[in-house]
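File shown here: my_file.txt, holding compact mmCIF, C-alpha atoms.
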# COMPACT_ATOMS: atom_id res chain seq x y z
CA MET A 1 -20.86 12.36 -0.80
CA GLN A 2 -21.69 13.61 -4.26
CA TYR A 3 -19.87 16.77 -5.30
CA LEU A 4 -22.22 19.40 -6.71
CA PRO A 5 -20.83 22.03 -9.07
CA VAL A 6 -20.05 25.48 -7.73
CA ILE A 7 -21.76 26.99 -10.77
CA PRO A 8 -24.98 25.06 -11.41
CA VAL A 9 -25.26 23.46 -14.85
CA GLU A 10 -28.38 22.03 -16.47
CA SER A 11 -27.13 18.50 -16.77
CA HIS A 12 -24.45 16.50 -15.07
CA LEU A 13 -22.97 14.12 -17.58
CA ARG A 14 -20.51 12.70 -15.07
CA ILE A 15 -20.43 12.24 -11.31
CA ILE A 16 -17.73 12.90 -8.74
CA LEU A 17 -18.03 11.40 -5.29
CA LEU A 18 -15.84 12.89 -2.56
CA LYS A 19 -14.85 11.36 0.73
CA LEU A 20 -16.46 13.55 3.42
CA GLU A 21 -13.07 14.64 4.81
CA MET A 22 -12.04 15.86 1.35
CA GLN A 23 -15.20 17.99 1.05
CA GLU A 24 -14.53 19.45 4.50
CA GLU A 25 -10.94 20.24 3.52
CA LEU A 26 -12.12 22.04 0.37
CA ASP A 27 -14.71 24.03 2.32
CA GLY A 28 -12.04 25.10 4.82
CA GLU A 29 -9.61 26.16 2.11
CA LEU A 30 -12.25 28.36 0.46
CA LEU A 31 -12.34 30.35 3.70
CA ASP A 32 -8.54 30.73 3.73
CA ARG A 33 -7.45 33.91 1.91
CA GLU A 34 -4.19 32.35 0.76
CA ALA A 35 -5.72 29.10 -0.51
CA GLU A 36 -9.04 30.31 -1.93
CA HIS A 37 -7.78 31.09 -5.47
CA ARG A 38 -6.04 27.70 -5.85
CA THR A 39 -9.05 25.90 -4.37
CA GLY A 40 -11.44 27.79 -6.64
CA ALA A 41 -9.44 26.68 -9.69
CA PHE A 42 -9.54 23.08 -8.45
CA LEU A 43 -13.33 23.27 -8.01
CA ALA A 44 -13.63 24.69 -11.55
CA ASP A 45 -11.77 21.60 -12.78
CA LEU A 46 -14.23 19.36 -10.93
CA ASP A 47 -17.11 21.31 -12.49
CA HIS A 48 -15.52 20.84 -15.94
CA PHE A 49 -15.48 17.07 -15.43
CA ILE A 50 -19.11 16.92 -14.22
CA ALA A 51 -20.44 19.16 -16.99
CA GLY A 52 -19.05 16.85 -19.67
CA GLY A 53 -16.12 19.03 -20.73
CA GLU A 54 -13.34 17.53 -22.83
CA ILE A 55 -11.15 15.25 -20.75
CA THR A 56 -7.60 14.38 -21.73
CA ILE A 57 -6.17 11.12 -20.45
CA GLY A 58 -2.44 10.61 -20.46
CA ASP A 59 0.43 8.77 -18.92
CA ARG A 60 3.58 10.06 -17.24
CA ARG A 61 4.80 11.63 -20.51
CA ASN A 62 1.71 13.85 -20.88
CA LYS A 63 2.34 16.90 -18.70
CA HIS A 64 -1.00 18.54 -19.47
CA ALA A 65 -3.37 15.56 -19.21
CA PHE A 66 -6.41 16.09 -17.01
CA LEU A 67 -6.50 12.46 -15.81
CA LYS A 68 -3.77 9.86 -15.49
CA ARG A 69 -3.95 6.26 -14.36
CA LEU A 70 -0.99 5.83 -12.06
CA GLU A 71 1.47 2.96 -12.26
CA PRO A 72 1.11 0.15 -11.65
CA GLU A 73 -2.06 0.43 -13.75
CA GLY A 74 -3.51 -2.72 -12.19
CA GLU A 75 -4.12 -0.79 -8.96
CA GLN A 76 -6.71 1.35 -10.80
CA VAL A 77 -5.67 4.54 -9.01
CA TRP A 78 -6.14 7.73 -10.99
CA GLU A 79 -5.04 11.28 -10.44
CA LEU A 80 -7.16 14.23 -11.44
CA ARG A 81 -4.67 16.95 -12.22
CA SER A 82 -5.49 20.59 -11.52
CA ILE A 83 -2.38 22.23 -12.94
CA ASP A 84 -3.18 25.93 -13.20
CA PRO A 85 -2.37 27.99 -11.15
CA ASN A 86 0.66 26.80 -9.25
CA PRO A 87 0.97 25.03 -6.97
CA SER A 88 -0.83 22.30 -8.89
CA VAL A 89 -3.10 19.85 -7.08
CA ARG A 90 -3.44 16.10 -7.48
CA ALA A 91 -6.69 14.46 -6.40
CA PHE A 92 -6.46 10.70 -6.07
CA GLY A 93 -9.28 8.26 -6.70
CA THR A 94 -10.76 5.41 -8.65
CA PHE A 95 -13.65 4.92 -11.03
CA ALA A 96 -16.66 3.12 -9.56
CA ASP A 97 -18.25 2.87 -13.01
CA THR A 98 -18.26 4.71 -16.32
CA ASP A 99 -18.33 8.46 -15.65
CA ILE A 100 -18.37 7.98 -11.86
CA LEU A 101 -15.10 9.07 -10.26
CA VAL A 102 -14.58 8.57 -6.53
CA LEU A 103 -11.96 11.01 -5.19
CA THR A 104 -10.50 10.03 -1.84
CA HIS A 105 -7.97 12.77 -1.07
CA MET A 106 -5.70 15.39 -2.59
CA ARG A 107 -2.14 16.68 -2.31
CA LEU A 108 -0.15 19.57 -3.65
CA ARG A 109 2.13 18.34 -6.42
CA THR A 110 5.13 19.84 -4.63
CA GLU A 111 4.58 17.33 -1.78
CA LEU A 112 4.86 14.28 -4.03
CA GLY A 113 8.37 14.20 -5.48
CA GLY A 114 9.18 12.69 -8.86
CA PHE A 115 7.63 9.87 -10.86
CA ASN A 116 7.56 6.61 -8.92
CA SER A 117 8.61 8.37 -5.70
CA ARG A 118 7.86 6.96 -2.26
CA ALA A 119 5.27 9.71 -1.78
CA PHE A 120 3.36 8.72 -4.94
CA LYS A 121 3.46 5.05 -3.90
CA ASP A 122 2.11 6.03 -0.47
CA GLU A 123 -0.78 7.95 -2.08
CA ILE A 124 -1.63 4.96 -4.30
CA ARG A 125 -1.65 2.71 -1.26
CA ARG A 126 -3.76 5.20 0.70
CA THR A 127 -6.28 5.47 -2.15
CA ARG A 128 -6.65 1.68 -2.29
CA GLN A 129 -7.06 1.47 1.51
CA ILE A 130 -9.76 4.15 1.52
CA TRP A 131 -11.58 2.46 -1.38
CA HIS A 132 -11.55 -0.90 0.42
CA GLY A 133 -12.65 0.72 3.67
CA ILE A 134 -15.71 2.21 1.99
CA PHE A 135 -16.61 -0.18 -0.83
CA ALA A 136 -15.28 -3.64 0.07
CA PRO A 137 -15.94 -6.23 -1.32
CA TYR A 138 -16.50 -4.26 -4.56
CA SER A 139 -13.55 -3.49 -6.85
CA PRO A 140 -12.98 -0.34 -8.86
CA LEU A 141 -13.73 -0.34 -12.58
CA THR A 142 -11.06 -2.16 -14.56
CA SER A 143 -10.69 -1.81 -18.33
CA GLU A 144 -8.19 -1.10 -21.07
CA LYS A 145 -10.71 1.05 -22.98
CA VAL A 146 -10.63 4.73 -22.05
CA THR A 147 -14.31 5.10 -22.95
CA ASP A 148 -15.19 2.62 -20.21
CA TYR A 149 -13.94 5.26 -17.75
CA VAL A 150 -15.02 8.48 -19.49
CA ASN A 151 -17.74 7.71 -22.01
CA GLU A 152 -17.63 10.73 -24.31
CA ASN A 153 -15.72 13.89 -25.08
CA VAL A 154 -12.45 12.20 -24.14
CA ASN A 155 -9.05 12.48 -25.81
CA ASP A 156 -6.58 9.64 -25.13
CA LEU A 157 -3.13 11.24 -25.38
CA ARG A 158 -1.45 7.90 -24.72
CA ASN A 159 -2.23 6.76 -28.27
CA THR A 160 -0.68 9.78 -29.95
CA GLN A 161 2.93 9.20 -28.98

Would you kindly transcribe this structure into structure tokens?
Amino acid sequence: MQYLPVIPVESHLRIILLKLEMQEELDGELLDREAEHRTGAFLADLDHFIAGGEITIGDRRNKHAFLKRLEPEGEQVWELRSIDPNPSVRAFGTFADTDILVLTHMRLRTELGGFNSRAFKDEIRRTRQIWHGIFAPYSPLTSEKVTDYVNENVNDLRNTQ
């Protein structure tokens, strides 16, 4: 289902599609007094993406990147990183087309372990399984050009190091 911004904006320059279970999880967390602040910050990050805000794309060295393509890059699994406040959240997904991000599920960063951990590998596998369950036989967008994923207002941190 298409995610609609919490705070309406005139134009949506990008689109986020959420798996229904993810939307239901977010709605439930907004009703939870302990989770509502963290969830609200995550939703603000989704709104930032949709509204065409500046997006930073990095790799494992870029601690503050908004989006990262996870390794192995050929799997085309991305994480949208909502890092403030703690605990940070990782939403996993793939790009269906330029400026169309399909988010399948999310996890707290504290549940994932370090780079290349079993937990991260499991989330990559889960993302691919969900994609194939919904969109088979179609494949996610594949490109080496960042602007094929996010068309404008994008800063590729991977090229600066």

- Message: Quick check, in Å to one decimal: how far apart do CA of Tyr149 (chain A) and CA of Pro85 (chain A) lie?
- Response: 26.3 Å

- Query: From the set A:Asp97, A:Glu24, A:Glu34, A:Asp45, which residue has the shortest atom-to-atom contact distance to Ile7 (chain A), counting only C-alpha atoms?
  - Reply: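 Looking only at the distances to Ile7 (chain A), the closest residue turns out to be A:Asp45.
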
- Task: Using all atoms listed in the file, pick whichever of A:Asp156, A:Asp32, A:Glu21, A:Asp122 has the shortest atom-to-atom distance to Leu67 (chain A).
- Result: A:Asp156

- Message: I need the residue nearest Val146 (chain A) from this list: A:Pro72, A:Arg60, A:Ile55, A:Leu80. Use all atoms listed in the file for the distance.
- Response: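 Comparing A:Pro72, A:Arg60, A:Ile55, A:Leu80 against Val146 (chain A), the winner is A:Ile55.
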
- In terms of the shortest atom-to-atom distance over only C-alpha atoms, which of A:Asp47, A:Asp59, A:Glu25, A:Glu36 is closest to Leu13 (chain A)?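 Among the listed residues, the smallest separation from Leu13 (chain A) belongs to A:Asp47.
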
- Query: Any idea what's packed within 12 Å of Ile100 (chain A), counting only C-alpha atoms, ignoring anything in its chain fewer than 2 positions away? Could you give it as a PyMOL selection string?
  - Reply: chain A and resi 2-3+12-18+49-50+52+93-98+102-103+140-141+148-151

- Report the distance between CA of Arg38 (chain A) and CA of Asn86 (chain A) in Å, rounded to one decimal place.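 Taking CA of Arg38 (chain A) as the start and CA of Asn86 (chain A) as the end point, the length is 7.6 Å.
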
- Task: Work out how far CA of Gly53 (chain A) is from CA of Leu20 (chain A), in Å to one decimal.
- Result: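 These two atoms are separated by 24.8 Å.
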
- Message: Here's a test: counting all atoms listed in the file, identify every protein, DNA and RNA residue with an atom at most 12 Å from (-12.2, 26.6, -8.7) in the file's coordinate frame, and state them as a list in words.
- Response: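 Residues close enough to count: Pro5, Val6, Ile7, Leu26, Asp27, Glu29, Leu30, Ala35, Glu36, His37, Arg38, Thr39, Gly40, Ala41, Phe42, Leu43, Ala44, Asp45, Leu46, Asp47, His48, Ser82, Ile83, Asp84, Pro85 and Val89 of chain A.
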
Those selected residues, please, written with C-alpha atoms and delivered as a compact mmCIF listing (two decimals), keeping the file's coordinate frame.
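Below is the file out34.txt, written as the result:
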# COMPACT_ATOMS: atom_id res chain seq x y z
CA PRO A 5 -20.83 22.03 -9.07
CA VAL A 6 -20.05 25.48 -7.73
CA ILE A 7 -21.76 26.99 -10.77
CA LEU A 26 -12.12 22.04 0.37
CA ASP A 27 -14.71 24.03 2.32
CA GLU A 29 -9.61 26.16 2.11
CA LEU A 30 -12.25 28.36 0.46
CA ALA A 35 -5.72 29.10 -0.51
CA GLU A 36 -9.04 30.31 -1.93
CA HIS A 37 -7.78 31.09 -5.47
CA ARG A 38 -6.04 27.70 -5.85
CA THR A 39 -9.05 25.90 -4.37
CA GLY A 40 -11.44 27.79 -6.64
CA ALA A 41 -9.44 26.68 -9.69
CA PHE A 42 -9.54 23.08 -8.45
CA LEU A 43 -13.33 23.27 -8.01
CA ALA A 44 -13.63 24.69 -11.55
CA ASP A 45 -11.77 21.60 -12.78
CA LEU A 46 -14.23 19.36 -10.93
CA ASP A 47 -17.11 21.31 -12.49
CA HIS A 48 -15.52 20.84 -15.94
CA SER A 82 -5.49 20.59 -11.52
CA ILE A 83 -2.38 22.23 -12.94
CA ASP A 84 -3.18 25.93 -13.20
CA PRO A 85 -2.37 27.99 -11.15
CA VAL A 89 -3.10 19.85 -7.08

- Name the closest residue to Met1 (chain A) among the candidates A:Ile134, A:Ala65, A:Met106, A:Arg125; distances are taken between atoms, counting all atoms listed in the file. A:Ile134

- Item | Selected residue, from A:Val77, A:Leu4, A:Gly58, A:Leu70, that lies nearest to Arg128 (chain A) when counting only C-alpha atoms | A:Val77
